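> What follows is the file run_19.cif, containing mmCIF, C-alpha atoms:
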data_coords
loop_
_atom_site.label_atom_id
_atom_site.label_comp_id
_atom_site.auth_asym_id
_atom_site.auth_seq_id
_atom_site.Cartn_x
_atom_site.Cartn_y
_atom_site.Cartn_z
CA MET A 1235 -133.29 48.75 11.42
CA SER A 1236 -131.57 47.20 8.41
CA ARG A 1237 -133.12 44.44 6.33
CA ARG A 1238 -130.45 41.99 7.47
CA ILE A 1239 -131.13 42.72 11.17
CA CYS A 1240 -134.88 42.42 10.62
CA PHE A 1241 -134.41 39.06 8.92
CA ALA A 1242 -132.17 37.82 11.76
CA ALA A 1243 -134.75 38.92 14.33
CA LEU A 1244 -137.49 37.10 12.43
CA LEU A 1245 -135.45 33.90 12.31
CA ALA A 1246 -134.77 34.10 16.04
CA ALA A 1247 -138.44 34.60 16.83
CA LEU A 1248 -139.74 31.95 14.43
CA PRO A 1249 -139.57 28.95 16.80
CA LEU A 1250 -141.64 30.85 19.34
CA LEU A 1251 -144.20 31.81 16.72
CA VAL A 1252 -144.74 28.27 15.46
CA GLY A 1253 -144.30 26.50 18.77
CA ILE A 1254 -141.27 24.44 17.78
CA ASP A 1255 -138.13 24.18 19.89
CA ARG A 1256 -135.15 25.01 17.73
CA PRO A 1257 -131.82 23.40 18.68
CA ARG A 1258 -128.88 25.72 19.09
CA GLY A 1259 -126.05 26.10 16.63
CA LEU A 1260 -127.96 25.49 13.40
CA ALA A 1261 -127.63 27.40 10.14
CA ASP A 1262 -130.61 28.97 8.36
CA VAL A 1263 -131.93 28.95 4.80
CA THR A 1264 -131.82 32.58 3.64
CA ASP A 1265 -133.15 32.21 0.10
CA VAL A 1266 -134.46 29.69 -2.43
CA ARG A 1267 -134.54 30.61 -6.12
CA HIS A 1268 -134.79 28.90 -9.47
CA TRP A 1269 -134.29 29.61 -13.18
CA SER A 1270 -136.14 27.73 -15.93
CA TYR A 1271 -135.10 27.27 -19.54
CA ALA A 1272 -135.86 24.76 -22.28
CA GLY A 1273 -134.45 21.44 -21.12
CA TYR A 1274 -132.65 22.89 -18.10
CA THR A 1275 -133.62 24.17 -14.63
CA ARG A 1276 -131.35 25.46 -11.85
CA VAL A 1277 -132.37 25.48 -8.18
CA VAL A 1278 -130.27 27.36 -5.61
CA VAL A 1279 -130.61 27.14 -1.82
CA GLU A 1280 -128.63 29.79 0.04
CA THR A 1281 -127.70 29.20 3.69
CA THR A 1282 -125.89 31.02 6.49
CA ALA A 1283 -123.19 28.34 6.76
CA GLU A 1284 -121.55 25.86 4.40
CA VAL A 1285 -123.44 22.62 3.86
CA HIS A 1286 -122.29 19.52 2.00
CA THR A 1287 -124.80 17.00 0.76
CA SER A 1288 -125.63 14.50 -1.98
CA VAL A 1289 -128.64 13.86 -4.21
CA GLN A 1290 -130.93 10.84 -3.97
CA ARG A 1291 -133.47 9.81 -6.59
CA LEU A 1292 -136.89 8.29 -5.93
CA GLY A 1293 -139.15 6.70 -8.52
CA ALA A 1294 -142.75 7.68 -9.02
CA ASP A 1295 -145.32 6.22 -6.61
CA ARG A 1296 -148.60 5.96 -8.53
CA LYS A 1297 -150.60 4.62 -5.61
CA ALA A 1298 -149.65 7.60 -3.48
CA ASN A 1299 -149.88 9.94 -6.50
CA ARG A 1300 -146.27 11.00 -6.07
CA PRO A 1301 -144.10 11.92 -9.07
CA GLU A 1302 -140.50 10.97 -9.57
CA ARG A 1303 -138.36 13.00 -7.18
CA LEU A 1304 -134.87 14.12 -6.32
CA TYR A 1305 -134.12 14.93 -2.71
CA LEU A 1306 -131.14 16.09 -0.72
CA ASP A 1307 -130.64 16.60 3.00
CA LEU A 1308 -129.02 19.71 4.47
CA PRO A 1309 -127.51 18.67 7.80
CA GLY A 1310 -127.21 21.29 10.50
CA VAL A 1311 -129.78 23.54 8.81
CA TRP A 1312 -133.02 24.81 10.35
CA ILE A 1313 -136.02 25.85 8.29
CA GLY A 1314 -138.94 25.22 10.64
CA LEU A 1315 -142.25 25.94 8.93
CA ARG A 1316 -141.08 28.80 6.73
CA TYR A 1317 -141.74 26.86 3.52
CA SER A 1318 -144.87 24.98 4.51
CA ASP A 1319 -146.23 25.38 0.96
CA PRO A 1320 -144.41 24.01 -2.12
CA ILE A 1321 -142.63 26.48 -4.40
CA PRO A 1322 -144.33 26.00 -7.79
CA VAL A 1323 -142.11 25.72 -10.86
CA GLY A 1324 -144.25 24.06 -13.55
CA ASP A 1325 -141.77 24.52 -16.39
CA GLY A 1326 -142.33 21.09 -17.94
CA LEU A 1327 -139.21 19.77 -16.21
CA LEU A 1328 -139.85 20.46 -12.51
CA ARG A 1329 -143.31 20.51 -10.97
CA ALA A 1330 -142.33 22.08 -7.67
CA VAL A 1331 -139.65 22.47 -5.02
CA ARG A 1332 -140.44 21.55 -1.43
CA LEU A 1333 -138.48 22.21 1.77
CA GLY A 1334 -139.20 20.93 5.24
CA GLN A 1335 -137.69 20.18 8.63
CA ASN A 1336 -136.90 16.49 8.17
CA THR A 1337 -135.46 16.19 11.68
CA LYS A 1338 -134.70 18.80 14.31
CA ARG A 1339 -131.18 19.13 12.93
CA ARG A 1340 -131.75 18.56 9.22
CA THR A 1341 -133.65 20.25 6.40
CA ARG A 1342 -134.74 18.26 3.35
CA LEU A 1343 -135.10 19.66 -0.16
CA VAL A 1344 -137.39 17.70 -2.51
CA VAL A 1345 -137.69 18.38 -6.24
CA ASP A 1346 -140.81 16.95 -7.90
CA LEU A 1347 -139.97 15.99 -11.48
CA GLU A 1348 -141.95 15.91 -14.71
CA ARG A 1349 -139.02 14.98 -16.98
CA TYR A 1350 -135.47 13.99 -16.08
CA GLU A 1351 -132.26 12.83 -17.71
CA ARG A 1352 -129.50 13.82 -15.29
CA HIS A 1353 -128.53 16.30 -12.60
CA ARG A 1354 -125.47 18.15 -11.33
CA LEU A 1355 -124.85 19.25 -7.73
CA LEU A 1356 -122.45 22.06 -6.80
CA HIS A 1357 -121.44 23.62 -3.49
CA LEU A 1358 -120.47 27.30 -3.61
CA THR A 1359 -119.27 29.78 -1.02
CA GLY A 1360 -119.45 33.54 -0.60
CA PRO A 1361 -122.36 33.24 0.31
CA PRO A 1362 -122.77 29.52 1.03
CA ARG A 1363 -125.23 27.89 -1.35
CA VAL A 1364 -126.15 24.56 -2.88
CA VAL A 1365 -126.79 24.55 -6.63
CA LEU A 1366 -128.83 21.76 -8.22
CA ASP A 1367 -129.00 21.64 -12.03
CA VAL A 1368 -131.62 19.34 -13.54
CA PHE A 1369 -131.45 18.47 -17.25
CA ALA A 1370 -134.21 17.11 -19.48
CA PRO A 1371 -133.72 14.19 -21.89
CA GLY A 1372 -131.64 15.29 -24.87
CA ASP A 1373 -134.19 14.05 -27.37
CA ALA A 1374 -137.10 15.83 -25.73
CA PRO A 1375 -139.16 17.88 -28.24
CA LYS A 1376 -138.89 20.94 -26.04
CA GLU A 1377 -135.11 20.95 -26.20
CA GLY A 1378 -134.32 19.34 -29.53
CA ALA A 1379 -131.30 17.22 -30.39
CA ARG A 1380 -127.98 18.96 -29.96
CA LEU A 1381 -124.47 18.06 -31.00
CA SER A 1382 -121.65 18.01 -28.48
CA SER A 1383 -119.31 21.02 -28.24
CA GLU A 1384 -116.68 19.13 -30.25
CA LEU A 1385 -119.04 18.76 -33.23
CA ARG A 1386 -121.20 21.85 -32.87
CA PRO A 1387 -120.42 24.94 -34.99
CA VAL A 1388 -120.21 28.26 -33.19
CA ARG A 1389 -123.48 30.11 -33.68
CA THR A 1390 -124.31 31.65 -30.28
CA VAL A 1391 -121.83 33.44 -28.02
CA VAL A 1392 -122.63 34.40 -24.43
CA LEU A 1393 -120.82 37.56 -23.32
CA ASP A 1394 -120.58 38.11 -19.59
CA ALA A 1395 -119.74 41.62 -18.37
CA GLY A 1396 -118.16 40.90 -14.98
CA HIS A 1397 -119.63 42.29 -11.76
CA GLY A 1398 -122.32 45.01 -11.86
CA GLY A 1399 -124.90 46.73 -9.66
CA SER A 1400 -124.00 46.54 -5.98
CA ASP A 1401 -120.78 44.69 -6.91
CA PRO A 1402 -118.41 47.20 -8.53
CA GLY A 1403 -115.56 44.72 -8.89
CA ALA A 1404 -112.09 46.22 -8.75
CA ILE A 1405 -111.82 49.96 -8.17
CA GLY A 1406 -108.70 51.48 -9.63
CA VAL A 1407 -106.80 54.70 -10.12
CA GLY A 1408 -109.08 57.73 -10.18
CA GLY A 1409 -112.09 55.66 -9.09
CA ILE A 1410 -112.44 53.70 -12.34
CA ARG A 1411 -114.73 50.72 -11.71
CA GLU A 1412 -114.43 47.26 -13.18
CA LYS A 1413 -118.19 46.90 -13.68
CA ASP A 1414 -118.24 49.94 -15.99
CA VAL A 1415 -115.23 48.83 -18.03
CA THR A 1416 -116.57 45.32 -18.55
CA LEU A 1417 -120.06 46.44 -19.59
CA LYS A 1418 -118.71 48.91 -22.11
CA LEU A 1419 -116.48 46.25 -23.66
CA ALA A 1420 -119.15 43.53 -23.73
CA LEU A 1421 -121.60 45.78 -25.56
CA GLN A 1422 -118.97 46.66 -28.17
CA VAL A 1423 -117.85 43.05 -28.64
CA ALA A 1424 -121.49 42.11 -29.19
CA GLU A 1425 -121.76 44.62 -32.05
CA HIS A 1426 -118.77 43.05 -33.85
CA LEU A 1427 -120.07 39.50 -33.41
CA ARG A 1428 -123.56 40.34 -34.63
CA ALA A 1429 -122.14 42.14 -37.66
CA GLU A 1430 -120.57 38.81 -38.67
CA GLY A 1431 -123.79 36.85 -38.24
CA LEU A 1432 -123.30 35.37 -34.79
CA ALA A 1433 -126.10 35.37 -32.24
CA VAL A 1434 -125.11 37.08 -28.99
CA VAL A 1435 -126.55 36.76 -25.51
CA LEU A 1436 -125.42 39.35 -22.94
CA THR A 1437 -125.70 38.42 -19.27
CA ARG A 1438 -126.30 42.10 -18.56
CA THR A 1439 -126.90 45.15 -20.75
CA ARG A 1440 -126.99 47.66 -17.91
CA ASP A 1441 -125.62 48.23 -14.43
CA ARG A 1442 -127.38 45.55 -12.40
CA THR A 1443 -126.45 42.96 -9.80
CA LEU A 1444 -126.20 39.36 -11.01
CA SER A 1445 -125.13 36.26 -9.11
CA LEU A 1446 -122.62 33.93 -10.72
CA GLU A 1447 -125.18 31.15 -10.89
CA SER A 1448 -127.72 33.38 -12.65
CA ARG A 1449 -125.15 34.39 -15.27
CA THR A 1450 -124.39 30.81 -16.19
CA ALA A 1451 -128.02 29.71 -15.91
CA LEU A 1452 -128.75 32.30 -18.60
CA ALA A 1453 -125.89 30.95 -20.71
CA GLU A 1454 -127.10 27.37 -20.39
CA GLY A 1455 -130.70 28.35 -21.07
CA ALA A 1456 -129.67 30.27 -24.20
CA ARG A 1457 -127.87 27.13 -25.39
CA GLY A 1458 -124.71 29.09 -26.00
CA ASP A 1459 -121.80 27.60 -27.90
CA LEU A 1460 -119.15 29.76 -26.19
CA PHE A 1461 -119.02 31.67 -22.91
CA VAL A 1462 -116.68 34.68 -22.67
CA SER A 1463 -116.49 36.52 -19.34
CA ILE A 1464 -114.82 39.95 -19.44
CA HIS A 1465 -113.04 41.33 -16.37
CA ALA A 1466 -110.42 43.87 -15.34
CA ASN A 1467 -107.64 43.11 -12.90
CA ALA A 1468 -106.32 44.69 -9.70
CA ALA A 1469 -103.25 44.10 -7.53
CA PRO A 1470 -101.70 45.51 -4.34
CA ARG A 1471 -98.54 46.20 -6.35
CA ARG A 1472 -99.38 49.25 -8.48
CA SER A 1473 -96.70 48.38 -11.04
CA ALA A 1474 -98.52 45.15 -12.00
CA HIS A 1475 -99.86 45.42 -15.54
CA GLY A 1476 -100.75 43.35 -18.57
CA ILE A 1477 -103.41 41.18 -20.18
CA GLU A 1478 -104.13 37.58 -19.22
CA THR A 1479 -106.75 35.02 -20.17
CA TYR A 1480 -108.01 32.08 -18.13
CA TYR A 1481 -109.75 28.81 -18.84
CA LEU A 1482 -110.97 26.13 -16.47
CA ASP A 1483 -108.90 23.08 -15.71
CA ALA A 1484 -108.71 20.58 -12.87
CA SER A 1485 -105.25 21.92 -12.02
CA HIS A 1486 -104.02 25.47 -11.95
CA GLU A 1487 -100.98 27.58 -11.22
CA ARG A 1488 -100.61 28.88 -7.67
CA HIS A 1489 -100.27 32.50 -8.80
CA THR A 1490 -103.83 32.47 -10.18
CA LEU A 1491 -105.34 32.08 -6.71
CA ARG A 1492 -105.43 35.83 -6.02
CA VAL A 1493 -107.31 36.53 -9.23
CA ALA A 1494 -109.69 33.59 -8.78
CA ALA A 1495 -110.42 34.57 -5.18
CA HIS A 1496 -111.31 38.11 -6.25
CA GLU A 1497 -113.60 37.04 -9.08
CA ASN A 1498 -115.22 34.28 -7.00
CA GLY A 1499 -115.83 36.61 -4.07
CA VAL A 1500 -114.01 34.38 -1.55
CA SER A 1501 -110.59 34.34 0.11
CA ALA A 1502 -107.75 32.42 -1.49
CA ALA A 1503 -107.75 30.05 1.49
CA ARG A 1504 -111.32 29.02 0.65
CA LEU A 1505 -110.38 27.77 -2.80
CA ASP A 1506 -109.16 24.36 -1.60
CA PRO A 1507 -112.69 22.90 -1.45
CA LEU A 1508 -113.32 24.33 -4.91
CA GLN A 1509 -110.24 22.54 -6.25
CA ARG A 1510 -111.57 19.25 -4.88
CA THR A 1511 -114.94 19.97 -6.48
CA LEU A 1512 -113.30 20.58 -9.84
CA ALA A 1513 -111.62 17.19 -9.75
CA GLY A 1514 -115.03 15.52 -9.74
CA LEU A 1515 -116.65 17.69 -12.41
CA ARG A 1516 -114.83 16.37 -15.46
CA ALA A 1517 -113.28 19.82 -15.88
CA SER A 1518 -111.11 18.41 -18.65
CA HIS A 1519 -114.24 17.56 -20.69
CA GLN A 1520 -114.29 21.07 -22.13
CA GLY A 1521 -110.66 21.75 -21.21
CA ASP A 1522 -109.12 21.35 -24.67
CA LEU A 1523 -111.79 23.46 -26.35
CA SER A 1524 -111.61 26.15 -23.68
CA SER A 1525 -107.82 26.19 -23.92
CA ASP A 1526 -108.07 26.60 -27.69
CA LEU A 1527 -110.59 29.42 -27.30
CA ALA A 1528 -108.44 31.13 -24.67
CA ARG A 1529 -105.34 31.01 -26.87
CA SER A 1530 -107.26 32.28 -29.90
CA VAL A 1531 -108.73 35.25 -28.04
CA HIS A 1532 -105.61 36.05 -26.05
CA GLY A 1533 -103.37 35.87 -29.10
CA GLN A 1534 -105.54 38.26 -31.08
CA VAL A 1535 -105.93 40.72 -28.19
CA VAL A 1536 -102.25 40.89 -27.33
CA SER A 1537 -100.95 41.06 -30.89
CA ARG A 1538 -103.42 43.74 -32.00
CA VAL A 1539 -103.09 45.89 -28.87
CA ARG A 1540 -99.29 45.77 -28.87
CA ARG A 1541 -99.14 47.09 -32.42
CA GLU A 1542 -100.27 50.44 -31.06
CA HIS A 1543 -99.27 50.15 -27.40
CA ARG A 1544 -95.91 48.44 -27.04
CA GLY A 1545 -95.89 48.76 -23.24
CA VAL A 1546 -98.74 46.30 -22.77
CA ALA A 1547 -97.46 43.12 -21.11
CA ASP A 1548 -98.46 39.64 -22.26
CA LEU A 1549 -99.18 37.70 -19.06
CA GLY A 1550 -100.22 34.62 -20.97
CA VAL A 1551 -102.98 32.04 -20.95
CA LYS A 1552 -103.53 30.39 -17.57
CA ARG A 1553 -105.72 27.87 -15.82
CA GLY A 1554 -107.74 28.73 -12.74
CA PRO A 1555 -110.68 27.68 -10.54
CA PHE A 1556 -113.33 30.26 -11.43
CA TYR A 1557 -116.95 29.68 -10.42
CA VAL A 1558 -118.29 31.42 -13.52
CA LEU A 1559 -116.34 29.00 -15.71
CA PHE A 1560 -117.06 25.67 -14.07
CA LEU A 1561 -120.76 26.54 -13.82
CA SER A 1562 -120.79 26.57 -17.65
CA SER A 1563 -120.95 23.36 -19.69
CA MET A 1564 -119.70 25.01 -22.90
CA PRO A 1565 -116.14 26.12 -23.80
CA SER A 1566 -115.59 29.07 -21.47
CA ILE A 1567 -112.90 31.66 -20.81
CA LEU A 1568 -112.31 34.68 -18.60
CA VAL A 1569 -110.39 37.62 -20.08
CA GLU A 1570 -108.62 40.10 -17.78
CA VAL A 1571 -108.13 43.15 -20.02
CA GLY A 1572 -105.73 45.07 -17.79
CA PHE A 1573 -104.98 46.30 -14.27
CA LEU A 1574 -107.15 49.15 -13.04
CA THR A 1575 -104.68 49.68 -10.22
CA ASN A 1576 -101.93 50.55 -12.72
CA ARG A 1577 -101.97 54.24 -13.62
CA ALA A 1578 -101.10 53.76 -17.30
CA GLU A 1579 -103.57 50.92 -17.86
CA ALA A 1580 -106.36 52.71 -15.99
CA ARG A 1581 -105.82 55.68 -18.27
CA ARG A 1582 -105.96 53.48 -21.37
CA LEU A 1583 -109.09 51.66 -20.23
CA ARG A 1584 -110.85 55.02 -19.80
CA ASN A 1585 -110.01 55.88 -23.41
CA SER A 1586 -112.81 55.15 -25.91
CA GLU A 1587 -110.42 54.36 -28.75
CA TYR A 1588 -108.51 51.85 -26.62
CA ALA A 1589 -111.75 50.21 -25.49
CA ALA A 1590 -112.84 49.94 -29.13
CA LEU A 1591 -109.51 48.28 -29.99
CA LEU A 1592 -109.91 45.78 -27.15
CA ALA A 1593 -113.47 44.94 -28.18
CA GLU A 1594 -112.49 44.45 -31.81
CA SER A 1595 -109.59 42.23 -30.73
CA ILE A 1596 -111.73 40.01 -28.48
CA ALA A 1597 -114.21 39.57 -31.33
CA ALA A 1598 -111.36 38.75 -33.72
CA GLY A 1599 -110.20 36.02 -31.33
CA ILE A 1600 -113.69 34.50 -31.28
CA PHE A 1601 -113.84 34.57 -35.09
CA HIS A 1602 -110.39 32.95 -35.22
CA TYR A 1603 -111.58 30.12 -32.98
CA ARG A 1604 -114.82 29.72 -34.96
CA ASP A 1605 -113.03 29.59 -38.31
CA ARG A 1606 -110.44 27.12 -37.08
CA ARG A 1607 -113.13 24.83 -35.68
CA SER A 1608 -115.56 25.02 -38.61
CA PRO A 1609 -113.64 22.83 -41.12
CA VAL A 1610 -113.18 20.15 -38.44
CA VAL A 1611 -116.88 20.24 -37.56
CA ALA A 1612 -117.87 20.00 -41.24
CA ARG A 1613 -115.64 16.98 -41.84
CA GLN A 1614 -116.86 15.13 -38.77
CA VAL A 1615 -120.52 15.75 -39.42
CA THR A 1616 -120.40 15.07 -43.18
CA HIS A 1617 -118.17 11.98 -42.93
CA PRO A 1618 -118.97 10.24 -39.66
#
Since I need it in another form, could you write the structure as C-alpha cells?


Amino acid sequence: MSRRICFAALLAALPLLVGIDRPRGLADVTDVRHWSYAGYTRVVVETTAEVHTSVQRLGADRKANRPERLYLDLPGVWIGLRYSDPIPVGDGLLRAVRLGQNTKRRTRLVVDLERYERHRLLHLTGPPRVVLDVFAPGDAPKEGARLSSELRPVRTVVLDAGHGGSDPGAIGVGGIREKDVTLKLALQVAEHLRAEGLAVVLTRTRDRTLSLESRTALAEGARGDLFVSIHANAAPRRSAHGIETYYLDASHERHTLRVAAHENGVSAARLDPLQRTLAGLRASHQGDLSSDLARSVHGQVVSRVRREHRGVADLGVKRGPFYVLFLSSMPSILVEVGFLTNRAEARRLRNSEYAALLAESIAAGIFHYRDRRSPVVARQVTHP
C-alpha cells in the first residue's frame, strides 16, 4: 500500500479513533512546516483543497499568561485532534505554532509570538497551501539594521537551480532534464561571482527536491540582495527556441502564461487567482529594480552567446506571475536559458563549453547590474 493511500486511510479512520463525528465534504491538513532565520520565520500549512483566509492579531494577555498571537481560520478544513500538542519553534521570533478544530467545519492556526513587526500571508496552489511569513522588528539586535534594496549595495546573490530531486522539470530531446542543466549552470555561475568577491547562496548544490517556499525562505533568511532563478524551457512546438528572462510585475503578457504555469506547477487556468494576489502584494515595489536586473542579465547573455552562436533567438525580457519571484522580497529574476525540446538547443545545453559560456554571461549580467547600481547607492548614502 502506498504512503498516500495509507495516509488517506488514517484520515478516514481518525474520527472513529478519537470519538469525534467528522462532517462530510471537508478538506484535510496534510502537512505543517516552518523555516527559521534571523528576523524572519515562514510557516506553511498544506491542505487537500484550496483555502482562503486572513490573519488576525491578538495582544498579550498577562493574566492568562498568553503571549501576543497571530491566528487565522481555515474554513472547510478538518484537523480533529491530530495536532493536540503545540509545534515548538523557539527561534526568538515564534514560540510555537498551534492547530485545533475551532468548530466542526473550521480549523484554527495560532502562532505564539516572541517578537513581531509585520506579517505577510500568501495562498498557493499545486498543492494548496497557506504561507505565513512573520518578520521581526528591523532594529532588533538579532537582525541588525538593513538598508532598502534601492540603497543597498549588492553583496549577496542567491542562485536558484530550478526543479530538482523528484521534480525533473522539462524533459527534452534525448532525455535531457531541466534539473540537471540548471544545477550545472548555477554551480558555475557561483564560481564566477565568488571570484569577484560576491557572497553566493545556492538553494541547492545537489539533486534534491525543494519546494518553492523553501527556496525563497532560504533566500530571505540569507538576507540576499538579488535572487536569480535559472530554468530551461520546453514547448509543444519543437521549433520554438531562444533565451528569455522574466521579472515579476502586477501585469504580464498573455504569452507568458504557459511558462509560468509550468514553473509554478499549476495549469494556466489556475493563474487568475495568482494575478489577483499579485495586485495586493505591491509587486511594483521591487519591479523597477527587478526589471533593471533582468535587462542587465538578459542583455549580457544574449550578446555574448550570439557572438559564437548566431542562431540563438532573443525572446526578450518579459513580465510574469511566478511563485518563486513573488515569494522573494529582493530584486528577483527568472532566466530561461533555452528550449530543451528544440534539437539544436538541447544539443548546445549538453555541451560543456556552451554551458560555461552561459554561466559566464549570467555572471557578467549580475556584475553589470551591480556596477551600474553602486555609484547611485554611494551618492545616496553619502549625501542623504

> To one decimal in Å, tell me the separation between atom CA of Glu1454 of chain A and atom CA of Leu1333 of chain A.

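Value for the atom CA of Glu1454 of chain A-atom CA of Leu1333 of chain A distance: 25.4 Å.
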
> List the residues matched by the PyMOL selection byres ((chain A and resi 1600) around 9) in the displayed structure as a PyMOL selection string, ordered by chain and then by residue number.

chain A and resi 1391+1427+1460+1527+1530-1531+1534+1595-1599+1601-1605

> Take the point (-130.0, 25.0, -12.3) as written in the file and pick out every residue within 9 Å of it, counting all atoms listed in the file; give the list as a list of chain:residue names.

A:His1268, A:Trp1269, A:Ser1270, A:Tyr1274, A:Thr1275, A:Arg1276, A:Val1277, A:Val1278, A:His1353, A:Arg1354, A:Leu1355, A:Val1365, A:Leu1366, A:Asp1367, A:Val1368, A:Phe1369, A:Glu1447, A:Ser1448, A:Thr1450, A:Ala1451, A:Glu1454

> Calculated over all atoms listed in the file, which of the candidates A:Val1571, A:Ala1272, A:Ala1578, A:Val1364 has the smallest distance to Leu1419 of chain A?

A:Val1571

> To verify the selection step, state as a PyMOL selection string which residues the PyMOL selection byres ((chain A and resi 1329) around 9) yields on this input.

chain A and resi 1301+1321-1328+1330-1331+1345-1348

> Step by step: start from the point (-116.3, 42.7, -17.6) in the file's coordinates, keep every protein, DNA or RNA residue that has an atom no farther than 10 Å from it, count all atoms listed in the file, and write the set as an MDAnalysis selection string.

chainID A and resid 1393:1398 1403 1412:1420 1462:1467 1568:1571

> Deliver the residues from the most recent selection as a file, using C-alpha atoms, as an mmCIF file, in the frame of the given file.


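So the final result, stored in out.cif, reads:
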data_model
loop_
_atom_site.group_PDB
_atom_site.id
_atom_site.type_symbol
_atom_site.label_atom_id
_atom_site.label_comp_id
_atom_site.auth_asym_id
_atom_site.auth_seq_id
_atom_site.Cartn_x
_atom_site.Cartn_y
_atom_site.Cartn_z
ATOM 1 C CA LEU A 1393 -120.820 37.560 -23.320
ATOM 2 C CA ASP A 1394 -120.580 38.110 -19.590
ATOM 3 C CA ALA A 1395 -119.740 41.620 -18.370
ATOM 4 C CA GLY A 1396 -118.160 40.900 -14.980
ATOM 5 C CA HIS A 1397 -119.630 42.290 -11.760
ATOM 6 C CA GLY A 1398 -122.320 45.010 -11.860
ATOM 7 C CA GLY A 1403 -115.560 44.720 -8.890
ATOM 8 C CA GLU A 1412 -114.430 47.260 -13.180
ATOM 9 C CA LYS A 1413 -118.190 46.900 -13.680
ATOM 10 C CA ASP A 1414 -118.240 49.940 -15.990
ATOM 11 C CA VAL A 1415 -115.230 48.830 -18.030
ATOM 12 C CA THR A 1416 -116.570 45.320 -18.550
ATOM 13 C CA LEU A 1417 -120.060 46.440 -19.590
ATOM 14 C CA LYS A 1418 -118.710 48.910 -22.110
ATOM 15 C CA LEU A 1419 -116.480 46.250 -23.660
ATOM 16 C CA ALA A 1420 -119.150 43.530 -23.730
ATOM 17 C CA VAL A 1462 -116.680 34.680 -22.670
ATOM 18 C CA SER A 1463 -116.490 36.520 -19.340
ATOM 19 C CA ILE A 1464 -114.820 39.950 -19.440
ATOM 20 C CA HIS A 1465 -113.040 41.330 -16.370
ATOM 21 C CA ALA A 1466 -110.420 43.870 -15.340
ATOM 22 C CA ASN A 1467 -107.640 43.110 -12.900
ATOM 23 C CA LEU A 1568 -112.310 34.680 -18.600
ATOM 24 C CA VAL A 1569 -110.390 37.620 -20.080
ATOM 25 C CA GLU A 1570 -108.620 40.100 -17.780
ATOM 26 C CA VAL A 1571 -108.130 43.150 -20.020
#

> Tell me which protein, DNA and RNA residues are within 9 Å of Val1435 of chain A, counting all atoms listed in the file, leaving out same-chain ones fewer than 3 positions away, and put them as a ChimeraX atom specification.

/A:1390-1394,1424,1438,1452-1453,1456,1458

> How would the residues just chosen look if you wrote them out with C-alpha atoms as a PDB file, keeping the file's coordinate frame?


ATOM      1  CA  THR A1390    -124.310  31.650 -30.280  1.00  0.00           C
ATOM      2  CA  VAL A1391    -121.830  33.440 -28.020  1.00  0.00           C
ATOM      3  CA  VAL A1392    -122.630  34.400 -24.430  1.00  0.00           C
ATOM      4  CA  LEU A1393    -120.820  37.560 -23.320  1.00  0.00           C
ATOM      5  CA  ASP A1394    -120.580  38.110 -19.590  1.00  0.00           C
ATOM      6  CA  ALA A1424    -121.490  42.110 -29.190  1.00  0.00           C
ATOM      7  CA  ARG A1438    -126.300  42.100 -18.560  1.00  0.00           C
ATOM      8  CA  LEU A1452    -128.750  32.300 -18.600  1.00  0.00           C
ATOM      9  CA  ALA A1453    -125.890  30.950 -20.710  1.00  0.00           C
ATOM     10  CA  ALA A1456    -129.670  30.270 -24.200  1.00  0.00           C
ATOM     11  CA  GLY A1458    -124.710  29.090 -26.000  1.00  0.00           C
TER      12      GLY A1458
END

> Counting all atoms listed in the file, which of A:Leu1549, A:Ala1429, A:Val1388, A:Ala1580 gets nearest to Arg1607 of chain A?

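Looking at the shortest contact to Arg1607 of chain A, the residue is A:Val1388.
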
> So how far away is atom CA of Ala1547 of chain A from atom CA of Ile1477 of chain A, in Å?

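Calculated distance between atom CA of Ile1477 of chain A and atom CA of Ala1547 of chain A is 6.3 Å.
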
> For the PyMOL selection byres ((chain A and resi 1357) around 10), applied here, can you spell out every residue it catches as a list in words?

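Output of the PyMOL selection byres ((chain A and resi 1357) around 10): Val1278, Val1279, Glu1284, Val1285, His1286, Thr1287, Leu1355, Leu1356, Leu1358, Thr1359, Pro1362, Arg1363, Val1364, Val1365, Leu1366, Pro1507, Leu1508 and Thr1511 of chain A.
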
> Next, the residues of the selection above should be written as a compact mmCIF listing (two decimals), in the frame of the given file with C-alpha atoms.


# COMPACT_ATOMS: atom_id res chain seq x y z
CA VAL A 1278 -130.27 27.36 -5.61
CA VAL A 1279 -130.61 27.14 -1.82
CA GLU A 1284 -121.55 25.86 4.40
CA VAL A 1285 -123.44 22.62 3.86
CA HIS A 1286 -122.29 19.52 2.00
CA THR A 1287 -124.80 17.00 0.76
CA LEU A 1355 -124.85 19.25 -7.73
CA LEU A 1356 -122.45 22.06 -6.80
CA LEU A 1358 -120.47 27.30 -3.61
CA THR A 1359 -119.27 29.78 -1.02
CA PRO A 1362 -122.77 29.52 1.03
CA ARG A 1363 -125.23 27.89 -1.35
CA VAL A 1364 -126.15 24.56 -2.88
CA VAL A 1365 -126.79 24.55 -6.63
CA LEU A 1366 -128.83 21.76 -8.22
CA PRO A 1507 -112.69 22.90 -1.45
CA LEU A 1508 -113.32 24.33 -4.91
CA THR A 1511 -114.94 19.97 -6.48

> Considering all atoms listed in the file, state which residue in the set A:Thr1281, A:Asn1585, A:Asn1299, A:Gln1290 is at the smallest distance from Ile1313 of chain A.

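For Ile1313 of chain A, the nearest of the candidates is A:Thr1281.
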
> Do you have the atom CA of Arg1256 of chain A-atom CA of Ala1283 of chain A distance handy?

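Calculated distance between atom CA of Arg1256 of chain A and atom CA of Ala1283 of chain A is 16.6 Å.
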
> Just checking: using only C-alpha atoms, which residue out of A:Thr1437, A:Thr1282, A:Ser1288, A:Ser1524 ends up closest to Trp1312 of chain A?

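So, comparing all the options, the nearest one is A:Thr1282.
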
> Which residues come within 10 Å of Asp1548 of chain A, counting all atoms listed in the file, excluding same-chain residues fewer than 4 positions away, as a ChimeraX atom specification?

/A:1475-1479,1532-1533,1535-1537,1540

> Which residue out of A:Arg1300, A:Arg1577, A:Arg1291, A:Arg1582 has the minimum interatomic distance to Arg1471 of chain A when all atoms listed in the file are used?

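Closest to Arg1471 of chain A, using all atoms listed in the file: A:Arg1577.
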